[in-house]
Amino acid sequence: MPRPSTREVGGGTQSVERALSLLQAFTAESPERRISELAQLSGLGQSTVSRLVGTLEALGFVTHDERSGLYRLGPTVVGLAGVALNQSPVHRQARSLAQELAGELGLGANVAERHGDALFYLCHFEGRLAPRAYTMIGSKGPLHATAMGKALLSDLGADDIEALIGAAYPAYTPRTIRDLRALTAELDEVRTRGYAIEVEELAFGRACLAAPLRDRSGRVVAALSVSGPLSAVDLPNRQDELALKVIERADQISTGLGYSAVSPMLTR
């Protein structure tokens, strides 16, 4: 079989990059887009965008609402997301336990991994006291302003954290941690008590409590949390109860991932 020419390879790669950039324009904040919007966001010509979107639609990556003229992500994306989630060891081990935790406590239960300098939600279950009108699965969040992010950072030193997210951070509310010194001090507390807390650091009226999940090597690979409105989480009265429940489930998930709290040196 003849090999494709360099020009063909380059052109094909460019088309793939352009098509993927169009898919990335669909976000939780803007889940529907017009061709004109996609052209403006991508910097591509409208005819090029129309051609690429037509191909994406034919393959099921986007769907078109004839009445509104808007495009949204299609069933192929959902199917691929399902494949990716089902291949995740953390998702497989955590899903049922997180669901039980949400039902037992009446709060939202979440599982997230760290992808680069952000956390990435793998699971989310609503509790009766913390309903949401949307799913958080697949969305991202900042590491410095969330309890889950702090749990994910808890096995890193200050130098590693600075290399990862820098030494100064954006503020989402007046309570957001904004510099490396404050963050490392907070992480010292997380390591001491075994869990992280967040009170109105990312959004007003919300609180969260999270514990790290570890794999066979003992490395923190994910985090489990419960979250909800301040009145439902009620940390002044429920912190010890919530911490006990979250740590217990986190230990179960970590055990399923192969983690043992017994040092290998002690078993020789």
# chains A, B, ... in the order shown; residues from 1 in each chain; ligands from 1

$ select_by_dssp --residues "stretch 10-199 of chain A" --states "strand (DSSP E)" --output "ChimeraX atom specification"
/A:32-33,62-64,71-73,108-115,118-125,140-142,196-199

$ select_by_dssp --residues "stretch 94-180 of chain A" --states "alpha helix (DSSP H)" --output "short mmCIF file (atom, residue, chain, number, x, y, z; two decimals) with all heavy atoms, in the first residue's frame"
data_model
loop_
_atom_site.label_atom_id
_atom_site.label_comp_id
_atom_site.auth_asym_id
_atom_site.auth_seq_id
_atom_site.Cartn_x
_atom_site.Cartn_y
_atom_site.Cartn_z
N ALA A 94 -15.13 3.62 42.46
CA ALA A 94 -15.76 4.67 43.29
C ALA A 94 -17.24 4.85 43.05
O ALA A 94 -17.95 5.34 43.93
CB ALA A 94 -15.04 6.00 43.04
N ARG A 95 -17.74 4.46 41.88
CA ARG A 95 -19.08 4.86 41.47
C ARG A 95 -20.16 4.45 42.47
O ARG A 95 -20.95 5.27 42.94
CB ARG A 95 -19.39 4.30 40.09
CG ARG A 95 -20.68 4.82 39.51
CD ARG A 95 -20.95 4.26 38.11
NE ARG A 95 -22.13 4.86 37.54
CZ ARG A 95 -23.37 4.49 37.82
NH1 ARG A 95 -23.58 3.51 38.68
NH2 ARG A 95 -24.40 5.11 37.27
N SER A 96 -20.21 3.18 42.81
CA SER A 96 -21.29 2.71 43.68
C SER A 96 -21.15 3.25 45.09
O SER A 96 -22.15 3.58 45.75
CB SER A 96 -21.34 1.17 43.70
OG SER A 96 -20.14 0.63 44.22
N LEU A 97 -19.92 3.36 45.58
CA LEU A 97 -19.71 3.87 46.93
C LEU A 97 -20.06 5.36 47.03
O LEU A 97 -20.62 5.81 48.03
CB LEU A 97 -18.26 3.63 47.36
CG LEU A 97 -17.90 2.16 47.63
CD1 LEU A 97 -16.40 2.00 47.81
CD2 LEU A 97 -18.65 1.64 48.85
N ALA A 98 -19.74 6.11 45.98
CA ALA A 98 -20.11 7.53 45.97
C ALA A 98 -21.62 7.69 45.92
O ALA A 98 -22.20 8.56 46.59
CB ALA A 98 -19.46 8.23 44.78
N GLN A 99 -22.27 6.84 45.16
CA GLN A 99 -23.73 6.90 45.08
C GLN A 99 -24.37 6.58 46.43
O GLN A 99 -25.31 7.26 46.86
CB GLN A 99 -24.23 5.91 44.02
CG GLN A 99 -25.71 6.01 43.72
CD GLN A 99 -26.11 5.15 42.54
OE1 GLN A 99 -25.42 4.20 42.17
NE2 GLN A 99 -27.22 5.48 41.92
N GLU A 100 -23.85 5.58 47.13
CA GLU A 100 -24.34 5.25 48.46
C GLU A 100 -24.13 6.41 49.43
O GLU A 100 -25.00 6.73 50.26
CB GLU A 100 -23.62 4.01 49.00
CG GLU A 100 -23.98 2.71 48.29
CD GLU A 100 -23.13 1.56 48.78
OE1 GLU A 100 -22.36 1.76 49.75
OE2 GLU A 100 -23.20 0.47 48.18
N LEU A 101 -22.98 7.07 49.31
CA LEU A 101 -22.65 8.19 50.21
C LEU A 101 -23.64 9.34 50.00
O LEU A 101 -24.10 9.94 50.98
CB LEU A 101 -21.22 8.65 49.94
CG LEU A 101 -20.60 9.64 50.92
CD1 LEU A 101 -20.50 9.03 52.31
CD2 LEU A 101 -19.23 10.07 50.42
N ALA A 102 -23.96 9.64 48.75
CA ALA A 102 -24.92 10.71 48.47
C ALA A 102 -26.28 10.39 49.07
O ALA A 102 -26.95 11.25 49.65
CB ALA A 102 -25.04 10.91 46.96
N GLY A 103 -26.71 9.13 48.94
CA GLY A 103 -28.00 8.73 49.49
C GLY A 103 -28.02 8.76 51.01
O GLY A 103 -29.01 9.17 51.62
N GLU A 104 -26.93 8.33 51.62
CA GLU A 104 -26.87 8.27 53.07
C GLU A 104 -26.84 9.65 53.72
O GLU A 104 -27.52 9.89 54.73
CB GLU A 104 -25.62 7.48 53.49
CG GLU A 104 -25.44 7.34 54.99
CD GLU A 104 -24.19 6.57 55.36
OE1 GLU A 104 -23.52 6.03 54.45
OE2 GLU A 104 -23.89 6.51 56.58
N LEU A 105 -26.06 10.58 53.14
CA LEU A 105 -25.87 11.89 53.76
C LEU A 105 -26.79 12.96 53.20
O LEU A 105 -26.91 14.04 53.78
CB LEU A 105 -24.41 12.33 53.59
CG LEU A 105 -23.35 11.45 54.27
CD1 LEU A 105 -21.96 11.96 53.95
CD2 LEU A 105 -23.57 11.39 55.78
N ALA A 147 -12.02 21.81 47.88
CA ALA A 147 -11.57 20.77 48.81
C ALA A 147 -11.00 19.59 48.05
O ALA A 147 -9.99 18.99 48.46
CB ALA A 147 -12.75 20.32 49.68
N MET A 148 -11.61 19.24 46.92
CA MET A 148 -11.08 18.12 46.13
C MET A 148 -9.70 18.45 45.58
O MET A 148 -8.81 17.59 45.56
CB MET A 148 -12.04 17.79 44.98
CG MET A 148 -13.41 17.35 45.45
SD MET A 148 -14.41 16.70 44.10
CE MET A 148 -13.82 15.03 44.04
N GLY A 149 -9.52 19.69 45.14
CA GLY A 149 -8.21 20.09 44.64
C GLY A 149 -7.15 20.00 45.72
O GLY A 149 -6.02 19.54 45.47
N LYS A 150 -7.48 20.43 46.92
CA LYS A 150 -6.52 20.35 48.03
C LYS A 150 -6.18 18.90 48.35
O LYS A 150 -5.02 18.56 48.63
CB LYS A 150 -7.08 21.05 49.26
CG LYS A 150 -7.28 22.54 49.10
CD LYS A 150 -8.01 23.10 50.32
CE LYS A 150 -8.59 24.46 50.07
NZ LYS A 150 -9.43 24.93 51.20
N ALA A 151 -7.19 18.03 48.32
CA ALA A 151 -6.92 16.61 48.56
C ALA A 151 -6.00 16.05 47.48
O ALA A 151 -5.10 15.25 47.76
CB ALA A 151 -8.24 15.84 48.60
N LEU A 152 -6.22 16.47 46.23
CA LEU A 152 -5.39 15.99 45.12
C LEU A 152 -3.95 16.49 45.22
O LEU A 152 -3.02 15.84 44.74
CB LEU A 152 -6.00 16.43 43.79
CG LEU A 152 -7.30 15.73 43.39
CD1 LEU A 152 -7.96 16.47 42.23
CD2 LEU A 152 -7.02 14.28 43.01
N LEU A 153 -3.76 17.66 45.83
CA LEU A 153 -2.42 18.23 45.98
C LEU A 153 -1.71 17.77 47.25
O LEU A 153 -0.54 18.10 47.45
CB LEU A 153 -2.50 19.76 46.00
CG LEU A 153 -2.94 20.47 44.72
CD1 LEU A 153 -3.13 21.96 44.99
CD2 LEU A 153 -1.91 20.26 43.61
N ALA A 158 5.93 21.82 48.18
CA ALA A 158 5.73 23.19 47.73
C ALA A 158 6.34 23.43 46.35
O ALA A 158 5.75 24.12 45.51
CB ALA A 158 6.31 24.16 48.75
N ASP A 159 7.53 22.87 46.09
CA ASP A 159 8.18 23.09 44.80
C ASP A 159 7.36 22.47 43.67
O ASP A 159 7.23 23.07 42.60
CB ASP A 159 9.59 22.49 44.81
CG ASP A 159 10.54 23.26 45.71
OD1 ASP A 159 10.22 24.42 46.06
OD2 ASP A 159 11.60 22.72 46.06
N ASP A 160 6.84 21.28 43.91
CA ASP A 160 6.02 20.63 42.88
C ASP A 160 4.73 21.41 42.62
O ASP A 160 4.28 21.52 41.48
CB ASP A 160 5.69 19.19 43.29
CG ASP A 160 6.91 18.29 43.30
OD1 ASP A 160 7.82 18.53 42.47
OD2 ASP A 160 6.95 17.36 44.11
N ILE A 161 4.14 21.92 43.70
CA ILE A 161 2.90 22.69 43.54
C ILE A 161 3.17 23.97 42.77
O ILE A 161 2.40 24.35 41.87
CB ILE A 161 2.29 23.00 44.92
CG1 ILE A 161 1.82 21.70 45.59
CG2 ILE A 161 1.12 23.98 44.79
CD1 ILE A 161 1.40 21.87 47.03
N GLU A 162 4.27 24.64 43.08
CA GLU A 162 4.60 25.87 42.37
C GLU A 162 4.85 25.59 40.89
O GLU A 162 4.42 26.36 40.02
CB GLU A 162 5.82 26.55 42.99
CG GLU A 162 6.15 27.88 42.34
CD GLU A 162 7.25 28.63 43.08
OE1 GLU A 162 7.88 28.04 43.99
OE2 GLU A 162 7.48 29.81 42.73
N ALA A 163 5.53 24.48 40.59
CA ALA A 163 5.78 24.13 39.19
C ALA A 163 4.47 23.81 38.47
O ALA A 163 4.34 24.05 37.26
CB ALA A 163 6.72 22.93 39.12
N LEU A 164 3.50 23.29 39.21
CA LEU A 164 2.23 22.87 38.62
C LEU A 164 1.26 24.04 38.41
O LEU A 164 0.72 24.22 37.32
CB LEU A 164 1.57 21.81 39.50
CG LEU A 164 0.24 21.22 39.01
CD1 LEU A 164 0.45 20.43 37.73
CD2 LEU A 164 -0.35 20.32 40.11
N ILE A 165 1.06 24.85 39.46
CA ILE A 165 0.03 25.90 39.37
C ILE A 165 0.55 27.30 39.70
O ILE A 165 -0.23 28.24 39.76
CB ILE A 165 -1.18 25.59 40.27
CG1 ILE A 165 -0.77 25.49 41.75
CG2 ILE A 165 -1.88 24.31 39.82
CD1 ILE A 165 -1.96 25.33 42.71
N LEU A 180 0.91 30.68 47.35
CA LEU A 180 1.51 29.38 47.66
C LEU A 180 1.71 29.19 49.15
O LEU A 180 1.49 28.09 49.67
CB LEU A 180 2.84 29.25 46.91
CG LEU A 180 3.60 27.94 47.11
CD1 LEU A 180 2.80 26.76 46.59
CD2 LEU A 180 4.96 28.01 46.40
#

$ atom_distance --atom1 "atom CA of A:Gly106" --atom2 "atom CA of A:Leu119"
23.4 Å

$ closest_residue --among "A:Ala168, A:Leu44, A:Leu56, A:Ala112" --to "A:Val221" --atoms "only C-alpha atoms"
A:Ala112

$ closest_residue --among "A:Ala25, A:Ala185, A:Ala171, A:Ala81" --to "A:Gly157" --atoms "only C-alpha atoms"
A:Ala185

$ closest_residue --among "A:Ile253, A:Val199, A:Glu29, A:Gln93" --to "A:Pro236" --atoms "only C-alpha atoms"
A:Val199

$ residues_around --residues "A:Leu213" --least-positions-apart "2" --cutoff "9 Å" --atoms "only C-alpha atoms" --output "ChimeraX atom specification"
/A:90,151-152,211,215,218-224,250-251,253-254,257,259

$ closest_residue --among "A:Thr55, A:Ser227, A:Ser36, A:Gln14" --to "A:Leu107" --atoms "only C-alpha atoms"
A:Ser227

$ residues_around --residues "A:Tyr195" --least-positions-apart "5" --cutoff "8 Å" --atoms "only C-alpha atoms" --output "JSON, numbers by chain"
{"A": [151, 190, 209, 210, 211, 212, 243, 247]}

$ write_last_selection --atoms "N, CA, C and O atoms" --output "short mmCIF file (atom, residue, chain, number, x, y, z; two decimals), in the first residue's frame"
data_model
loop_
_atom_site.label_atom_id
_atom_site.label_comp_id
_atom_site.auth_asym_id
_atom_site.auth_seq_id
_atom_site.Cartn_x
_atom_site.Cartn_y
_atom_site.Cartn_z
N ALA A 151 -7.19 18.03 48.32
CA ALA A 151 -6.92 16.61 48.56
C ALA A 151 -6.00 16.05 47.48
O ALA A 151 -5.10 15.25 47.76
N VAL A 190 -4.45 19.51 55.95
CA VAL A 190 -5.10 18.40 55.24
C VAL A 190 -4.39 17.09 55.53
O VAL A 190 -5.03 16.07 55.84
N LEU A 209 -16.30 18.87 51.64
CA LEU A 209 -15.31 18.14 52.43
C LEU A 209 -14.82 16.97 51.59
O LEU A 209 -15.64 16.23 51.02
N ALA A 210 -13.50 16.80 51.47
CA ALA A 210 -12.94 15.80 50.55
C ALA A 210 -11.78 15.04 51.17
O ALA A 210 -11.04 15.57 52.01
N ALA A 211 -11.62 13.79 50.75
CA ALA A 211 -10.50 12.95 51.19
C ALA A 211 -9.79 12.38 49.97
O ALA A 211 -10.43 12.12 48.93
N PRO A 212 -8.47 12.17 50.07
CA PRO A 212 -7.73 11.63 48.92
C PRO A 212 -7.98 10.14 48.72
O PRO A 212 -8.28 9.41 49.67
N ALA A 243 -16.60 13.88 57.92
CA ALA A 243 -15.22 13.43 57.73
C ALA A 243 -15.11 11.93 57.93
O ALA A 243 -14.43 11.23 57.15
N ILE A 247 -13.96 9.64 54.78
CA ILE A 247 -12.70 8.91 54.92
C ILE A 247 -12.93 7.40 54.85
O ILE A 247 -12.16 6.66 54.24
#

$ closest_residue --among "A:Ala19, A:Ile197, A:Ala28, A:Ala130" --to "A:Leu59" --atoms "only C-alpha atoms"
A:Ala19

$ closest_residue --among "A:Glu200, A:Glu241, A:Glu186, A:Glu248" --to "A:Pro229" --atoms "only C-alpha atoms"
A:Glu200

$ residues_around --residues "A:Tyr71" --least-positions-apart "6" --cutoff "8 Å" --atoms "only C-alpha atoms" --output "list of chain:residue names"
A:Glu32, A:Arg33, A:Arg34, A:Ile35, A:Val62, A:Thr63, A:His64, A:Asp65
